[in-house]
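To keep things clear, I will list the structure first and then write my remarks on it.
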Amino acid sequence: ADTVVMVMGQTINSLDLHRTGTNRPSYQIAVNAYDRLVEFGVKTLPDGSLSYDYATLVPGVAESWSFSDDGLVITFRLRPEGKFQDGSPITAQDVKWSYDRAVTVGGFPSTQMRAGGLESPEQFEAVDDLTFRVTLKRPSKLSLPDMAVPVPFILNSRLALANATADDPWALEYVHKNTVGSGPFRVTRWEPGQSLVYERNDGYTSGPVPQIARVIVREVPSPATRRALIERGDVQMSFDIPNKDAKELEGTDGLTVNTTPVENAIYILGTNLNFEPFKNKLVRQAVAWSVPYDDVFQTAAYGRGVPMHGGKSFTPETIEWPQPFPYSTDLDRAKALLEEAGYGAGFEVPFYIDLSQSDWMEPAALLIQENLAKIGISAPLEKVPGANWRTASLVEKRLPLHLETFGGWLNYPCYYFYWAYLEGNLFNSANYRNEEIEAMVPKALHLPVDDPEYIAMCKRMIEIAWDEVPRIALWQPAVNAAYRDMTGYEYWFHRQPTIRGWKRA
Amino acid sequence: MTALLDVSDLRVEFATRHGVVSAVQDVSFTLEKGETLGVVGESGSGKSVTSYAVMRILDRGGRIAEGRVSYAGVDLRAASEREMGAIRGREIGMIFQNPRAALNPIRKVGRQIGDVLIRHARATRQTAHDRAVEALRAVEIRNPEARAHAYPFELSGGMCQRVVIALALACDPRLLIADEPTTGLDVTTQKAVMDLIAGLTRARGMSAILITHDLGLAAAYCDRIAVMKDGQVVETAPSAQVFARPAHAYTAKLMRATARPGARLRDLLETPKPEAPRPAPGAALLVVESLAKTFADGVRAVKGVSFTIREGESLGLVGESGCGKSTTSSMVMRLLDPSSGRILLGGEDIGTVPAAHFPRDRRRGAIQMVFQDATDSLNPRFTARRAIADPLMRLTALGGRERAAKVEALAEQVGLPLHLLDRFPHQLSGGQKARVGIARALATSPKLLILDEPTAALDVSIQAVVLNLLADLRAELGMSYLFVSHDLHVVRLLCDRVMVMRGGEIVEEGDAETVMERPAHPYTRSLLDAAPVPPALAAETPLMETARCAP
Amino acid sequence: MAESGGHGVGGAAGVMGGSAPYARRGPSPTALGRWLKGERLGEDAAIALAAGRAAARARARMIGRRVLLSLPALVGVVIVSFVLTRALPGDPAAYFAGPAADAQSIAEIRAQLGLDRSLPEQFLVYVGDLLGGDLGQSISTGQPVLEELARRLPASLELTLSALILSTLVAVPLGVAAAARQGTWVDHACRAVVTAGVSLPTFFTGIALVYVFYYVLGWAPAPLGRLDLLYFPPEPVTGFYTVDAVLAGELETLRGALAQLALPAVTLALFTMAPLARMARAAMLEALGSDYVRTARAAGLSPTRVLYGVAFSNAMLPVVTTLGMVFSFTLGANVLVEKVFAWPGVGSYAVEALVVSDYAAVQGFVLAMAVLFVALNLLIDVIYTLIDPRTRQGA
Amino acid sequence: MTAATPARPTGLRAFLAHGAYVLRDNPVTLIAFALFLFIVFCAVFGPLLAPYDPLESNAARALQPPSADHWFGTDSLGRDVFSRVLVATRLDLAISVAAVALSFCAGSAIGAAAGYWGGWVDAVTGRVVDTIMAFPLFVLAMGIVAALGNTVENIVYATAIINLPFYARVARAEVAIRREAGFAQAARLAGNSDLRVLALHIFPNALPPMMVQLSLNMGWAILNAAGLSFIGLGVRPPTPEWGIMVAEGANFIVSGEWWLAIFPGLALMLAVFTFNLLGDGLRDLVDPRRRT
Ligand SMILES: Nc1ncnc2c1ncn2[C@@H]1O[C@H](COP(=O)(O)OP(=O)(O)OP(=O)(O)O)[C@@H](O)[C@H]1O
Ligand SMILES: Nc1ncnc2c1ncn2[C@@H]1O[C@H](COP(=O)(O)OP(=O)(O)OP(=O)(O)O)[C@@H](O)[C@H]1O
Ligand SMILES: [Mg+2]
Ligand SMILES: [Mg+2]
Ligand code: NI
């Protein structure tokens with residue numbers, strides 16, 4: 001009994017996060033089979049469950065690190081005993097190759113690296129076998145945390161290069177199917193669409209050797225089947241279960257249900273400013289006042305997560321993010337606002353949701369649709385298939401009224417605003433533009449959190465977001481996991497199962 | 001001496017959607033050892049049902065409601081299914097109409113015979129094949145060893161019938177029941193098969209029941225004849241006696257209606273009528289010159305035939321199945337495009353108009369046709385009225401009311417009661433359907449009527465009426481006929497001239513009487529020889545000794 | 001009861017349609033026509049035809065002709081699937097660029113996937129690859145499509161085949177029983193039962209079965225694909241776990257595989273019973289009403305022999321045809337069942353691929369199914385010629 | 001056959017009498033027709049009879065088991081399942097009827113032409129039909145709906161396209177065997193052009209066997225729409241439709257909310273069942289030979 005069987009609904013489509021087309025569920029390979037220079041710590045939440053700790057960074061492959069006085073150079077000292085899974089030592093050359101790879105392959109990995117100011121290979125330098133140096137263009141509070149996200153994982157460069165070709169200098173093909181890391185687990189079997197097996201790396205050097213020897217991941221597309229499996233005890237862990245199951249399974253004998261709100265994430269109702277009526281702030285506010293928040297939270301989220309409505313004042317007191325928006329359900333007020341905006345007769349707007357997220361989007365949309373109808377806005381529902389959703393909502397940003405979600409890996413309000421409120425940025429699906437925010441965010445991004453100017457700017461940004469409401473917060477989602485006969489489940493911001501701390505009871 | 005088969009007061013009932021109907025009632029007859037009994041009667045008179053009842057192989061829903069059937073003293077009604085199984089095939093063999101369909105299509109014929117031999121312990125698995133070949137040899141199949149390995153579809157109809165006979169006789173039954181064994185076979189084949197059956201039964205001292213609606217056949221091969229009508233046996237008597245002195249009016253009617261040498265069209269009818277005058281032939285109406293048809297798959301169905309039909313003339317076209325009669329008539333009809341040759345109608349070459357365009361041609365109405373199978377030629381979804389009106393609608397300019405009147409006039413002309421006009425084909429009898437078909441053909445007042453075996457599917461009494469009707473119509477309307485048939489007696493009744501066709505060529509042509517009496521071509525002679533000749537009726541000529549009659 | 005004869009057969013193929021005139025031409029129409037018209041073959045020609053050599057040659061020709069005839073359909077499939085996938089909404093480049101990708105990285109990916117070229121160009125490239133035996137690479141699973149299909153196809157085939165075997169074992173006797181007792185309650189009950197089976201959406205049946213037999217009763221193993229975790233897949237020979245387990249002599253694994261197979265196979269079997277039973281009934285009725293059955297009865301063959309030896313063997317011919325249709329239909333339709341039972345087959349693969357506009361995967365899947373369909377029909381044709389001598393006369 | 005029964009009923013009366021006969025003849029057909037009438041009744045009057053607004057949600061009464069108030073319980077948004085099932089009848093019936101009507105018209109036209117003219121018409125249509133058949137049909141439907149967007153019309157089109165080959169095949173076969181039939185020849189002699197012979201004489205006679213296909217496909221069309229819903233490509237919410245209700249409800253079975261899937265499932269099954277059984281009855285009804 002040192003094996004855990006886990007079920008999940010999605011497919012792992014690559015073992016290499018850097019590869020083009022690698023999907024989200026595959027990030028767990030980078031988390032479990034690889035290490036980073038530094039990692040986030042783990043803390044115990046008030047309810048006794050475990051969560052990653054954004055505030056602490058602990059050694060990973062690096063045993064220590066230091067900043068230059070101007071904050072532009074970070075020097076890492078690698079563990080001298082550090083070994084890859086094949087037994088070869090971890091060197092600064094490996095780290096540099098890995099970082100070079102992350103910023104060069106393009107796509108998401110490079111974008112994420114850029115967020116921390118890590119943009120080109122010239123910034124990385126292997127000083128000697130155990131010393132690695134990163135030079136930044138400007139100091140930023142994002143840089144170090146960005147090295148702890150799944151992207152800059154450290155690969156065994158010799159092994160990778162041995163399998164590289166002229167066409168494929170980064171060995172994308174090889175790493176796609178093989179793990180060449182130093183992480184606590186190695187992937188010993190992978191059948192895409194079916195299963196994946198992790199075996200413990202007994203020679204793990206970047207931290208304590210895990211307690212469990214094997215984790216078998218089974219992909220089970222049907223949520224009903226997944227629920228039956230965990231309920232009957234045929235598997236130990238069901239990861240990312242629907243809110244409804246989480247609510248109902250809670251209290252089942254022998255079963256632990258863990259629900260943790262996802263930091264820096266909100267489910268929102270987006271009102272696209274390309275759509276004429278939504279150009280008017282009053283209309284957006286009217287929509288915000290018309291959403292049946294409580295019903296939505298109870299019905300679509302089954303009360304899992306944190307409500308994001310009913311804030312007392314339109315002026316934020318803290319820069320905590322996310323915090324409840326100052327709206328609640330008030331149809332009279334909504335109607336009045338519409339009158340004022342000159343849309344007393346109402347209008348029609350198509351309401352888009354994503355087919356692959358219909359578990360929460362559909363009930364939420366239906367309830368919102370019902371209330372919108374009450375203030376004269378008719379919003380026929382359109383379901384967009386998964387492949388089209390990204391393009392339509394985020395790339396082309398052409399959905400007039402829609403549901404969206406965004407959660408920043410780096411837990412700062414400014415980081416959220418950067419992605420979601422700056423014109424042209426990916427998650428600004430509402431095509432929102434506000435000069436003040438445009439000016440503040442780039443500055444705020446790199447300021448330390450305790451800087452008074454930073455606090456003032458963040459408060460102002462939040463205030464604008466509340467007043468202008470291009471994105472109407474519905475609630476803060478939670479990630480649910482149900483497990484039995486095991487302990488050590490940790491919540492992580494990347495919403496992937498992080499198995500190194502798991503223990504069989 | 002007790003009879004081999006004794007059937008008394010037999011009644012067979014069928015459970016149908018209209019409730020229980022009795023198909024056969026009060027049927028009694030006996031059959032002595034070595035005797036051949038003919039059962040004749042029109043379609044639906046219960047001939048088959050009676051024989052099935054004897055074998056206890058009635059269809060689902062049928063049961064013997066009353067009566068006694070005893071075979072060699074065994075009560076077949078009381079016999080268990082097991083006992084019947086032993087009797088069927090071993091004691092009583094049976095032959096059916098349509099030999100090809102009567103054989104299991106996916107089993108080699110030798111094996112099928114072997115199955116029966118094994119079933120009745122006449123052979124073991126090892127000897128089955130050899131015994132089957134013997135059985136095939138007994139029915140005079142050439143090269144029986146090879147034939148045993150053939151599937152039914154690889155054999156001709158005549159050969160299939162021989163196989164069926166071999167199957168029925170394989171276990172040396174004492175009684176053979178043959179249910180219309182030659183229907184659907186060519187005259188020449190028919191004769192060969194009948195001679196074979198007669199020879200075998202005689203040689204083996206078997207009794208036989210021959211079911212047929214061909215009186216000539218029955219007279220030629222049977223000792224006694226039972227005449228059936230509406231599920232009852234109306235008369236049983238020795239063959240000669242039946243013909244000489246039919247006791248029952250129905251028998252007389254049947255005899256009379258059978259086409260035979262020496263009889264004239266009117267003789268076939270119950271109530272004599274003056275003979276219809278044959279119009280004197282006029283100018284050439286249809287001239288066919290070296291007409292040939294080669295089908296896409298290379299079959300040369302018609303190899304260049306030429307003939308002329310004059311106005312008011314009736315030309316007969318006879319020949320065996322597959323000789324190209326229908327192909328020729330289809331081309332003349334302009335339903336089929338000839339490969340070469342000319343078809344001149346009233347001097348105009350209609351052969352050049354593609355068949356696909358001919359329906360819209362002004363001359364379409366001038367050539368019409370009466371089809372072989374009246375049932376098949378009527379649209380099942382059209383009432384009789386609509387069927388007759390169809391050509392009027394398409395080819396004439398008549399208005400609705402005139403058309404309705406014309407339809408009724410046509411119906412009257414062909415003797416179709418008006419109340420039948422609103423029936424669908426399946427609600428009409430065979431004769432009535434034939435009348436609908438004729439009325440339809442007459443609707444456009446054609447100059448040339450092609451009759452493709454119009455009476456082949458009809459009972460003799462109806463055939464007699466229809467033939468007379470056709471003769472009357474010709475006299476009345478002065479049409480020309482191209483009459484296609486393989487029944488020489490019928491052709492002689494209706495036609496002025498006859499052409500004999502063989503393998504796509506015309507081998508003999510001439511005046512009907514001349515060809516019949518003094519055939520020039522050996523093939524014509526063999527055709528004539530093969531046709532069973534019913535004895536002349538008492539009223540006409542003294543009873544002829546039926547030479548071919550089995551002892 | 002009003003179902004018999006040819007027309008019944010025409011409609012009776014059920015979901016799968018009629019007597020398959022397109023798929024199966026059997027003997028050449030004119031030859032058959034002539035045979036139906038009662039034309040006899042020359043005696044010596046008949047003997048020659050019976051000879052095995054000629055028959056074999058005719059069969060080879062027939063197969064050759066069928067292969068040629070199916071080529072246009074395959075070409076059609078290639079074109080239509082290409083057009084259809086391109087018509088799918090959504091931009092795979094944007095989708096696969098992943099979260100937080102900007103316009104530039106999307107463009108990079110587009111170029112990488114070759115999607116920046118014009119459609120005709122893309123098509124030529126696709127056809128070129130295809131001729132070289134390359135089905136491309138699935139972007140969603142990151143595996144070569146060919147490899148993936150090769151791995152998943154046996155799973156689908158194993159499921160479909162077992163379902164069909166099961167279904168045939170139940171449906172054909174039901175159909176025969178219904179025909180033998182035509183018009184009685186047995187007949188109507190058979191009809192009601194098989195119709196009920198085909199009336200339920202497969203995914204619903206599947207989930208209901210899982211609920212009852214796994215969740216409530218605990219008789220069935222967890223619906224986790226082809227084999228419980230306790231077992232390791234047997235040495236792949238055929239790719240069918242059951243067969244491979246037998247070959248490897250691992251009876252435990254065989255039991256495991258069978259246990260996993262049971263529920264999905266039953267689900268599919270329920271769905272496929274109706275056309276088979278319908279066809280079996282109609283064909284049986286036709287055979288029972290035929291002249292040759294009457295001959296067999298008159299010849300004294302025992303009722304069992306008549307029913308099974310004569311009528312049944314003839315009635316199986318159209319059933320075989322239906323079976324082929326049902327098979328290919330089921331292969332396409334088990335998409336939903338695979339999803340419910342986490343069955344790692346090609347169906348679930350295709351669905352996932354389709355939803356994310358994974359061109360290569362969808363095209364590869366469709367092509368594979370089309371080839372399978374053609375091969376299957378060919379196989380059925382060959383089986384048909386083997387059991388039906390009438391089709392052997394060739395051209 | 002009685003020869004001279006006076007004055008047979010004609011036209012509609014005859015048809016009705018025939019219908020009555022067909023129903024009496026076969027209990028299964030009788031049941032099927034009764035069910036069919038019931039379904040049509042629900043489709044027509046369902047929205048009037050529904051006790052609740054099928055779209056009105058009420059979070060307070062979500063997921064209630066069947067009770068006197070809510071016969072079929074309520075769904076996760078608190079909508080009345082009974083009302084939704086009832087109201088869905090119309091849409092489901094419309095989808096299947098429309099899809100089947102479309103593919104029937106197109107398919108039988110293609111098939112009839114192929115069967116009648118043969119030659120290159122047959123070759124071309126045959127290849128087209130082969131191509132459709134060679135596709136895994138359900139996946140083809142998915143592809144079409146995904147490509148065109150999941151609207152009711154597109155579901156109908158997709159279903160029609162994948163059903164088309166069956167009609168084409170049956171029509172081709174049935175027309176081909178009647179092409180040279182006596183009555184077709186007679187019709188040509190009567191001056192009917194090929195098109196008329198095909199459309200007015202041959203095709204109507206090919207109808208009875210096609211009726212069976214028709215009814216089977218009606219059922220299949222509903223199942224197909226349900227399957228598309230299960231994949232997520234079905235009718236758009238919140239429109240009530242059986243397939244989507246079963247598909248969504250299926251996920252609730254394991255958690256004990258069986259009524260969400262069972263009731264729409266039963267409705268679906270009943271409809272498909274009815275359509276399937278209806279086929280033989282329909283065939284008997286349009287077959288004049290069965291009139292007496
Ligand atoms: N299976 C059946 N169900 C109901 N009635 C039947 C059945 N078989 C025969 N009959 C009826 O029994 C009667 C006699 O039929 P039978 O087949 O014996 O006639 P037949 O004299 O052999 O005619 P034919 O010369 O056409 O073969 C007919 O009226 C027929 O309708
Ligand atoms: N469409 C066709 N394609 C190929 N061969 C044909 C076709 N129609 C007829 N044949 C062949 O042409 C020959 C003559 O056929 P046809 O129908 O004219 O004979 P028939 O004299 O009318 O025979 P029956 O007395 O049986 O009606 C036969 O060998 C037949 O098989
Ligand atoms: Mg008979
Ligand atoms: Mg002919
Ligand atoms: Ni019936």
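In the structure tokens, each chain is lettered A, B, ... as it comes, each chain's residues begin at 1, and ligands are numbered from 1 in order of appearance.
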
Selection as an mmCIF file with N, CA and C atoms, in the first residue's frame: residues within 7 Å of ligand 1 by only C-alpha atoms and all ligand atoms:
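This went into out-v1.cif:
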data_model
loop_
_atom_site.group_PDB
_atom_site.id
_atom_site.type_symbol
_atom_site.label_atom_id
_atom_site.label_comp_id
_atom_site.auth_asym_id
_atom_site.auth_seq_id
_atom_site.Cartn_x
_atom_site.Cartn_y
_atom_site.Cartn_z
ATOM 1 N N PHE B 14 -58.199 -22.898 -43.255
ATOM 2 C CA PHE B 14 -57.085 -21.979 -43.003
ATOM 3 C C PHE B 14 -57.574 -20.855 -42.104
ATOM 4 N N ALA B 15 -56.765 -20.533 -41.110
ATOM 5 C CA ALA B 15 -57.090 -19.367 -40.301
ATOM 6 C C ALA B 15 -56.505 -18.153 -41.018
ATOM 7 N N THR B 16 -57.319 -17.251 -41.464
ATOM 8 C CA THR B 16 -56.824 -16.070 -42.176
ATOM 9 C C THR B 16 -57.332 -14.816 -41.487
ATOM 10 N N ALA B 23 -60.621 -24.282 -47.460
ATOM 11 C CA ALA B 23 -60.061 -24.266 -48.802
ATOM 12 C C ALA B 23 -60.523 -25.477 -49.586
ATOM 13 N N VAL B 24 -60.804 -26.520 -48.886
ATOM 14 C CA VAL B 24 -61.138 -27.790 -49.517
ATOM 15 C C VAL B 24 -62.208 -28.446 -48.660
ATOM 16 N N GLY B 41 -58.231 -28.856 -62.566
ATOM 17 C CA GLY B 41 -59.108 -27.822 -62.014
ATOM 18 C C GLY B 41 -58.435 -26.490 -62.193
ATOM 19 N N GLU B 42 -59.208 -25.451 -62.071
ATOM 20 C CA GLU B 42 -58.635 -24.138 -62.283
ATOM 21 C C GLU B 42 -57.862 -23.684 -61.060
ATOM 22 N N SER B 43 -57.187 -22.595 -61.234
ATOM 23 C CA SER B 43 -56.369 -22.080 -60.150
ATOM 24 C C SER B 43 -57.225 -21.838 -58.912
ATOM 25 N N GLY B 44 -56.697 -22.220 -57.761
ATOM 26 C CA GLY B 44 -57.413 -21.961 -56.513
ATOM 27 C C GLY B 44 -58.492 -22.978 -56.215
ATOM 28 N N SER B 45 -58.559 -24.029 -57.015
ATOM 29 C CA SER B 45 -59.629 -24.994 -56.780
ATOM 30 C C SER B 45 -59.276 -25.968 -55.666
ATOM 31 N N GLY B 46 -58.074 -25.908 -55.161
ATOM 32 C CA GLY B 46 -57.734 -26.730 -54.007
ATOM 33 C C GLY B 46 -56.897 -27.941 -54.332
ATOM 34 N N LYS B 47 -56.320 -27.987 -55.506
ATOM 35 C CA LYS B 47 -55.518 -29.139 -55.902
ATOM 36 C C LYS B 47 -54.295 -29.277 -54.998
ATOM 37 N N SER B 48 -53.554 -28.174 -54.867
ATOM 38 C CA SER B 48 -52.335 -28.245 -54.060
ATOM 39 C C SER B 48 -52.678 -28.514 -52.612
ATOM 40 N N VAL B 49 -53.675 -27.808 -52.111
ATOM 41 C CA VAL B 49 -54.008 -27.961 -50.693
ATOM 42 C C VAL B 49 -54.342 -29.414 -50.386
ATOM 43 N N THR B 50 -55.050 -30.044 -51.281
ATOM 44 C CA THR B 50 -55.382 -31.443 -51.056
ATOM 45 C C THR B 50 -54.122 -32.293 -50.938
ATOM 46 N N ASP B 59 -49.452 -25.178 -44.973
ATOM 47 C CA ASP B 59 -48.820 -23.957 -44.468
ATOM 48 C C ASP B 59 -49.312 -23.664 -43.069
ATOM 49 N N ARG B 60 -48.617 -22.727 -42.440
ATOM 50 C CA ARG B 60 -49.031 -22.274 -41.120
ATOM 51 C C ARG B 60 -50.500 -21.823 -41.177
ATOM 52 N N GLY B 61 -51.225 -22.163 -40.175
ATOM 53 C CA GLY B 61 -52.619 -21.715 -40.132
ATOM 54 C C GLY B 61 -53.569 -22.692 -40.806
ATOM 55 N N GLY B 62 -53.012 -23.666 -41.499
ATOM 56 C CA GLY B 62 -53.895 -24.625 -42.156
ATOM 57 C C GLY B 62 -54.016 -25.884 -41.324
ATOM 58 N N HIS B 213 -53.342 -28.219 -64.508
ATOM 59 C CA HIS B 213 -54.545 -27.631 -65.052
ATOM 60 C C HIS B 213 -54.586 -27.799 -66.571
ATOM 61 N N GLY B 231 -62.694 -26.181 -54.319
ATOM 62 C CA GLY B 231 -62.407 -26.988 -53.143
ATOM 63 C C GLY B 231 -63.161 -28.300 -53.101
#

Practice task
Restrict the distance test to only C-alpha atoms, flag each residue of chain C within 9 Å of chain A, and return the flagged residues as an NGL selection string.
Solution key: :C and (88-106 or 108-109 or 139-143 or 148 or 207 or 210-211 or 214-215 or 218 or 222-225 or 229 or 339-344 or 348-349 or 354-358)

Practice task
Looking only at alpha helix (DSSP H) from DSSP on the backbone, list the matching residues of stretch 136-323 of chain C as a ChimeraX atom specification.
Solution key: /C:145-180,185-199,202-209,241-248,251-288,291-298,303-304,313-323

Problem - Contacts with ligand 4 at most 8 Å, only C-alpha atoms and all ligand atoms counted, listed as a list of chain:residue names - result: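 Listed by chain and ascending number, the contacts are B:Ser321, B:Gly322, B:Gly324, B:Lys325, B:Ser326, B:Thr327, B:Gln372, B:Asp452, B:Glu453.
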
Handout entry: Spatial neighbours of stretch 333-338 of chain C, 10 Å, only C-alpha atoms, chain gap at least 3 places, as a PyMOL selection string
Key = (chain A and resi 221-222) or (chain C and resi 155-156+159-160+201-207+225+263-265+267-268+271+326-330+341-351) or (chain D and resi 136-139+224+227-228+230-231)

Practice task
Specify as a VMD selection string all residues of chain D found within 8 Å of chain A, counting only C-alpha atoms.
Solution key: chain D and resid 56 to 57 59 62 76 to 77 146 150 232 to 233 236 to 238 250 to 255

Exercise for the section: Considering only C-alpha atoms, state which residue in the set C:Leu164, C:Ala208, C:Val216, C:Ala298 is at the smallest distance from B:Leu176. Expected result: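 Ranked by minimum distance to B:Leu176, first place goes to C:Ala298.
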
Handout entry: Selection near stretch 101-104 of chain B, 6 Å with only C-alpha atoms, sequence-local residues under 5 positions removed, as a ChimeraX atom specification
Key = /C:291-292,295

Go ahead and save the picked residues with N, CA, C and O atoms, as a PDB file, in the first residue's frame.
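What ended up in part25.pdb:
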ATOM      1  N   ASP C 291     -40.177 -22.505 -51.355  1.00  0.00           N
ATOM      2  CA  ASP C 291     -40.463 -23.808 -51.932  1.00  0.00           C
ATOM      3  C   ASP C 291     -39.480 -24.865 -51.460  1.00  0.00           C
ATOM      4  O   ASP C 291     -39.845 -26.011 -51.261  1.00  0.00           O
ATOM      5  N   TYR C 292     -38.220 -24.476 -51.300  1.00  0.00           N
ATOM      6  CA  TYR C 292     -37.261 -25.519 -50.956  1.00  0.00           C
ATOM      7  C   TYR C 292     -37.481 -26.050 -49.557  1.00  0.00           C
ATOM      8  O   TYR C 292     -37.178 -27.204 -49.263  1.00  0.00           O
ATOM      9  N   THR C 295     -40.101 -28.543 -50.032  1.00  0.00           N
ATOM     10  CA  THR C 295     -39.520 -29.761 -50.579  1.00  0.00           C
ATOM     11  C   THR C 295     -38.851 -30.573 -49.478  1.00  0.00           C
ATOM     12  O   THR C 295     -39.021 -31.792 -49.398  1.00  0.00           O
TER      13      THR C 295
END

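When only C-alpha atoms are used to compute distances to chain B, the closest of the residues C:Val145, C:Ala360, C:Leu276, C:Met316 turns out to be C:Met316.
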
Practice task
Name the residues, by chain letter and number, that sit within 8 Å of ligand 2 using only C-alpha atoms and all ligand atoms, and give them as a ChimeraX atom specification.
Solution key: /B:294-302,319-329,485-486,503-504 /C:30,33-34,37-39

Store the residues of this selection in a file with C-alpha atoms, as a PDB file, in the first residue's frame.
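Dumped everything to out_34.pdb:
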ATOM      1  CA  THR B 294     -27.226  -7.300 -78.886  1.00  0.00           C
ATOM      2  CA  PHE B 295     -27.332  -6.551 -75.193  1.00  0.00           C
ATOM      3  CA  ALA B 296     -24.582  -4.760 -73.338  1.00  0.00           C
ATOM      4  CA  ASP B 297     -23.287  -8.039 -71.968  1.00  0.00           C
ATOM      5  CA  GLY B 298     -22.881  -9.410 -75.491  1.00  0.00           C
ATOM      6  CA  VAL B 299     -26.001 -11.563 -75.568  1.00  0.00           C
ATOM      7  CA  ARG B 300     -27.277 -11.580 -79.153  1.00  0.00           C
ATOM      8  CA  ALA B 301     -30.930 -11.951 -78.331  1.00  0.00           C
ATOM      9  CA  VAL B 302     -32.259 -11.171 -81.777  1.00  0.00           C
ATOM     10  CA  GLY B 319     -40.772 -20.188 -79.940  1.00  0.00           C
ATOM     11  CA  GLU B 320     -39.306 -21.519 -76.775  1.00  0.00           C
ATOM     12  CA  SER B 321     -38.438 -19.484 -73.763  1.00  0.00           C
ATOM     13  CA  GLY B 322     -35.472 -17.202 -74.330  1.00  0.00           C
ATOM     14  CA  CYS B 323     -35.573 -17.340 -78.098  1.00  0.00           C
ATOM     15  CA  GLY B 324     -36.026 -13.578 -78.335  1.00  0.00           C
ATOM     16  CA  LYS B 325     -39.762 -13.148 -78.684  1.00  0.00           C
ATOM     17  CA  SER B 326     -40.101 -10.508 -76.001  1.00  0.00           C
ATOM     18  CA  THR B 327     -37.002  -8.713 -77.141  1.00  0.00           C
ATOM     19  CA  THR B 328     -38.384  -8.482 -80.642  1.00  0.00           C
ATOM     20  CA  SER B 329     -41.758  -7.255 -79.472  1.00  0.00           C
ATOM     21  CA  SER B 485     -46.901 -17.167 -77.538  1.00  0.00           C
ATOM     22  CA  HIS B 486     -45.395 -20.557 -77.104  1.00  0.00           C
ATOM     23  CA  GLY B 503     -32.210 -18.572 -80.981  1.00  0.00           C
ATOM     24  CA  GLY B 504     -32.988 -15.074 -82.172  1.00  0.00           C
TER      25      GLY B 504
ATOM     26  CA  THR C  30     -27.162  -8.928 -65.608  1.00  0.00           C
ATOM     27  CA  GLY C  33     -30.996 -11.042 -63.914  1.00  0.00           C
ATOM     28  CA  ARG C  34     -30.564 -13.696 -66.472  1.00  0.00           C
ATOM     29  CA  LYS C  37     -35.218 -14.984 -65.763  1.00  0.00           C
ATOM     30  CA  GLY C  38     -34.594 -18.654 -65.757  1.00  0.00           C
ATOM     31  CA  GLU C  39     -32.060 -18.755 -68.472  1.00  0.00           C
TER      32      GLU C  39
END

Handout entry: Interface list for chain B, partner chain D, 7 Å threshold, only C-alpha atoms, as JSON, numbers by chain
Key = {"B": [356, 359, 360, 364, 368, 371, 376, 377, 378, 379, 380, 381, 390, 391, 394, 395, 426, 427]}
